[in-house]
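*Asks:* One structure follows; several queries about it will come next.
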Amino acid sequence: MNFRQMTYLNKLLVYGLLLGVIPLAILGFLSYFRASATIQKYVEAGNLQIIKHSQLAVEQNMKTVETALVAFLNSPQGTDLYNIPLDYNKYEPFSRLESSMRQIQIYETGVFDVTLYNLQYLWRVNNAGITTFDNKEEELQPYQDFLNSSLNSAWIKYEKGIRFLKKSPLYVTNPAMLVVADIPYSHLSKLLLRANPLGSTAILDNQMELIIGQDQGSVHQLLGNAELKNGLSGDDLEGQLAVKQDGQMYEVTFVHSSFSGWYYIAAASIDKITRESRSIGQYIWWICAGILLLILLAAWFGSNNMYRPIRKLHSVLAGLGDKTPDASGRTEDHIQQIGQSVKMLLDREKKMSSQIEGYATQLEAFFVQKLILGDMRKREITEKLSMFSYAADWRKMTVMAVEIDTLEGTRYSRNDQDLLLFAISNMVSEIIPETNRLTPIVSNSSQLNVVGTVQVDPEAWNTELQLWAEEIQKASSNYLDVTVSVALSKPVEQWTDVPRAYREAMEALHYRMRLGNESIIYSEDVNSGSAEAVQYPLKLEQELLALIKSGYRLRAEEKLHSFMQELVRPPFHFQEYQLSLFRMLTEITSLLQAEGIPLRELGDGEAPLIEQMTQLRTVEEMEDWFLQRLITPVISLLEQRRSTQFQNISDAVIQMIHEEFDTLLTLELCASRIHYHPHYVSKVFRQETGVNFSEYLLKHRLEMAKSWLTETNMTVTEIAEKLKYTNPTNFIRYFRKIEGITPGQYRERNSGVVSED
């Protein structure tokens, strides 16, 4: 059945059902999706805790092994092995070595074998005993990449588990010892938490290859997924990824270890996660079905009860009184019959309303508005003048435009402007005789009047216009406490020329910029005179921009005043003045764009800058607006950007010094890398750090030298070469100058090692 052809009772029943069913359906769907999202959220949080616990256990074990091996290598018996050849007569050192290595292989750490390689005398020690090897490259071939790298220690994967590699001593090109510690997969499996019923957990190395996992088959499938690799290769240290594999969606929770670079992941099937939510959805469906049945019953009884007054109203309109209409099989709806009766009443009302005379004042104002906008033809103008009983014999017509100078410093706000203009219109109606004017109107921010006279003498007409303008200004000041400016167009003799006179009056108002507030401006005065070109004060502009760049606000304020006064110096033309202001606005905002500062920093949620500027009326308002809305904020933003830039330059140079202190690093090299002039970088660096580049570099090298003297066995000559001194003597001389002692004496005092120099 067509819905429009249904009776009102049936429509009421349908609407009642919709009002009950739609919210119920929305509630059911939202409840289901909310339950699914909540379950998935808890599973993600649980998986994250599982892999973090596994990460903690594994990395704690790795750190324990590292600590034990480093302690062993730094012990006296460990350092004594650097220069001992394999001599079977020297039983005692190797016996202690085997005992120390067995102590490292404890059950808690899972280390089942430790191999110690002496790279100088070509012997090794492990659980199989002490042996020698002749071919160094063949023996150490699995570790060549590590030995050739700059790393001092590393964890790698091999066929039976994971392996820890450690060089000794540190910070030397050719280490004397290499230690290899093996941890089997069986021990890692004990550390990997196995409390994830919805999925599998696994550990991947930094190449995203599987190390160990609960369900390696499913993990291997996911490892071939490009979405997973792209997601893990990001910068996030932890998070969740949605991955589709073989038509099934997986929720992968991962943690990227900053210690080892490994990935700890937990993969769970979303179908398994949402299995419980589907059972919740079935339960919600049965509840909704029961509620739906109750809604059906309520809609039926409620619709009948609400329809009862309509039946009574129909009976009254049909002349049946309180009697119920007989059920004669008529299909016409009661509402339709009531509507027809009401329509008849409305038609009668329209006929009566059409006989009422319209509002003459509003029609007259509409006529005047169309006249000044040029939307009327000459014949139509003549008809309207006759209709409204206006004088049609005027010899001259002038458009008078009145505009409020400013509301600042008054008791009014901008929202009161329209009311004030209407009040001025009422005063104009009283000041100018009815025979000399059309109906005053308000358009935008101006009050407009079309005035005329039958006089021929232009001097007498101008005198009369001057008197009216002065009376309007006086009345506005006395009664409204506001100042107004009045603009008068050139007299025209044809009604079709009134639009041109309107444009002249509006343009003349702009010259209040130069003449000031409470002015009476004649269009023929501002548009007359020589056509001398107006020179743009380029020098003042450049000086003002330079002061803004330098952050001199007070001097910029003085220069802005000079610039504004130069713009209004005769010969003055409003369009050139406005274009000059637009140019200055563009130049000032370009300072921000040149520094990469977005212009929205100046917006602050207000109207666009150009729109704000075009609403200003006087030179004083313009000058104050440029100072408060542009120059002061721009100076502040530029100072903030320079402060941030200085800090960034200083931080970049300090970072290069800390990372490349052992190279031939110079100020010129640092400046070229960050694309600044060396003199500018030197000035900024000294301002931020308090010392120059060379002093900072020498002090940092000295600190590194002190660290090497106390923590390593490097000789003074080696340290001097590494710090790029031309000879050890220069290094020793500078060290003694700063510390008061020689490097050897410093080492002897702080580490107990006998000086070599």
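Ligands are numbered from 1 in the order shown, residues from 1 within each chain, and chains are lettered A, B, ... in the order they appear in the structure tokens.
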Compile the contact shell of stretch 561-563 of chain A as a PyMOL selection string: residues with an atom at most 8 Å away, counting only C-alpha atoms, same-chain residues fewer than 3 positions apart removed.
*Replies:* chain A and resi 537+540-541+557-558+566-567+623
*Asks:* May I have all residues of stretch 295-489 of chain A that DSSP, computed from the backbone, assigns to strand (DSSP E), given as a list in words?
*Replies:* Lys396, Met397, Thr398, Val399, Met400, Ala401, Val402, Glu403, Ile404, Ile441, Val442, Ser443, Ser446, Gln447, Leu448, Asn449, Val450, Val451, Gly452, Thr453, Val484, Ser485, Val486, Ala487 and Leu488 of chain A
*Asks:* With distances taken over only C-alpha atoms, which of A:Lys229, A:Trp262, A:Leu210, A:Pro633 is nearest to A:Gly551?
*Replies:*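 Smallest distance to A:Gly551 is found for A:Pro633.
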*Asks:* Could you name the residues that touch stretch 423-438 of chain A at 7 Å or less, counting only C-alpha atoms, but leaving out those on the same chain fewer than 5 positions away, as a ChimeraX atom specification?
*Replies:* /A:391,447,449-453,468,472,476
*Asks:* For the residues in that selection, give me C-alpha atoms as a PDB file, in the first residue's frame.
*Replies:*
ATOM      1  CA  ALA A 391       8.156  65.489  -6.622  1.00  0.00           C
ATOM      2  CA  GLN A 447      22.495  55.808   5.789  1.00  0.00           C
ATOM      3  CA  ASN A 449      19.309  59.861   1.110  1.00  0.00           C
ATOM      4  CA  VAL A 450      18.253  60.978  -2.362  1.00  0.00           C
ATOM      5  CA  VAL A 451      17.610  64.730  -2.124  1.00  0.00           C
ATOM      6  CA  GLY A 452      16.569  67.164  -4.850  1.00  0.00           C
ATOM      7  CA  THR A 453      15.557  70.730  -5.603  1.00  0.00           C
ATOM      8  CA  TRP A 468      21.390  69.946   6.171  1.00  0.00           C
ATOM      9  CA  ILE A 472      22.561  66.000  10.798  1.00  0.00           C
ATOM     10  CA  SER A 476      23.781  62.863  15.908  1.00  0.00           C
TER      11      SER A 476
END
*Asks:* For A:Ile104, which residue among A:Ser149, A:Asn83, A:Thr67, A:Thr496 is the nearest when counting only C-alpha atoms?
*Replies:*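 Among the listed residues, the smallest separation from A:Ile104 belongs to A:Thr67.
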*Asks:* Just the residues within 9 Å of A:Gly16, please, counting only C-alpha atoms, with nothing from its chain fewer than 5 positions along; format it as an MDAnalysis selection string.
*Replies:* chainID A and resid 11 21 295:296 298:300 302:303
*Asks:* With C-alpha atoms retained, export the selected residues as a compact mmCIF listing (two decimals), in the first residue's frame.
*Replies:*
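What follows is the written file part38.txt:
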# COMPACT_ATOMS: atom_id res chain seq x y z
CA LYS A 11 0.22 6.30 9.70
CA VAL A 21 11.94 -0.09 16.59
CA ILE A 295 6.28 -2.02 21.30
CA LEU A 296 3.74 -3.45 18.84
CA ALA A 298 1.86 -0.27 22.95
CA ALA A 299 1.74 1.31 19.46
CA TRP A 300 -1.63 -0.27 18.71
CA GLY A 302 -1.63 4.18 22.01
CA SER A 303 -2.55 5.04 18.41
*Asks:* Write out as an MDAnalysis selection string which residues come within 7 Å of stretch 720-728 of chain A when counting only C-alpha atoms, dropping same-chain ones fewer than 4 positions away.
*Replies:* chainID A and resid 662:664 701 716 732
*Asks:* Can you measure atom CA of A:Ser446 to atom CA of A:Val402 for me? One decimal in Å is fine.
*Replies:* 5.7 Å
*Asks:* I'd like the interatomic distance between atom CA of A:Phe367 and atom CA of A:Glu380, to a tenth of an Å.
*Replies:*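 About the pair atom CA of A:Phe367 and atom CA of A:Glu380: they are 10.0 Å apart.
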*Asks:* When you look at A:His187 with a cut-off of 10 Å (counting only C-alpha atoms), what residues show up, excluding the ones that are within fewer than 6 positions of it in the same chain? I need them as a VMD selection string.
*Replies:* chain A and resid 58 61 107 to 112 161
*Asks:* So which residues of stretch 241-455 of chain A fall under helix (DSSP H, G or I) by DSSP, listed as a PyMOL selection string?
*Replies:* chain A and resi 270-273+275-317+334-354+360-373+378-387+414-431+434-436
*Asks:* Can you pull out the residues contacting A:Met249? Cut-off 8 Å, using only C-alpha atoms, and skip same-chain residues under 5 positions away; I want them as a VMD selection string.
*Replies:* chain A and resid 242 to 244 269 to 271
*Asks:* Pick the closest to A:Asp405 from A:His510, A:Lys737, A:His334, A:Lys136: which is it, counting only C-alpha atoms?
*Replies:*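 Ranking A:His510, A:Lys737, A:His334, A:Lys136 by distance to A:Asp405, first place goes to A:His510.
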*Asks:* Using Å and a single decimal, report how far atom CA of A:Lys549 sits from atom CA of A:Met622.
*Replies:*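 Atom CA of A:Lys549 lies 20.9 Å from atom CA of A:Met622.
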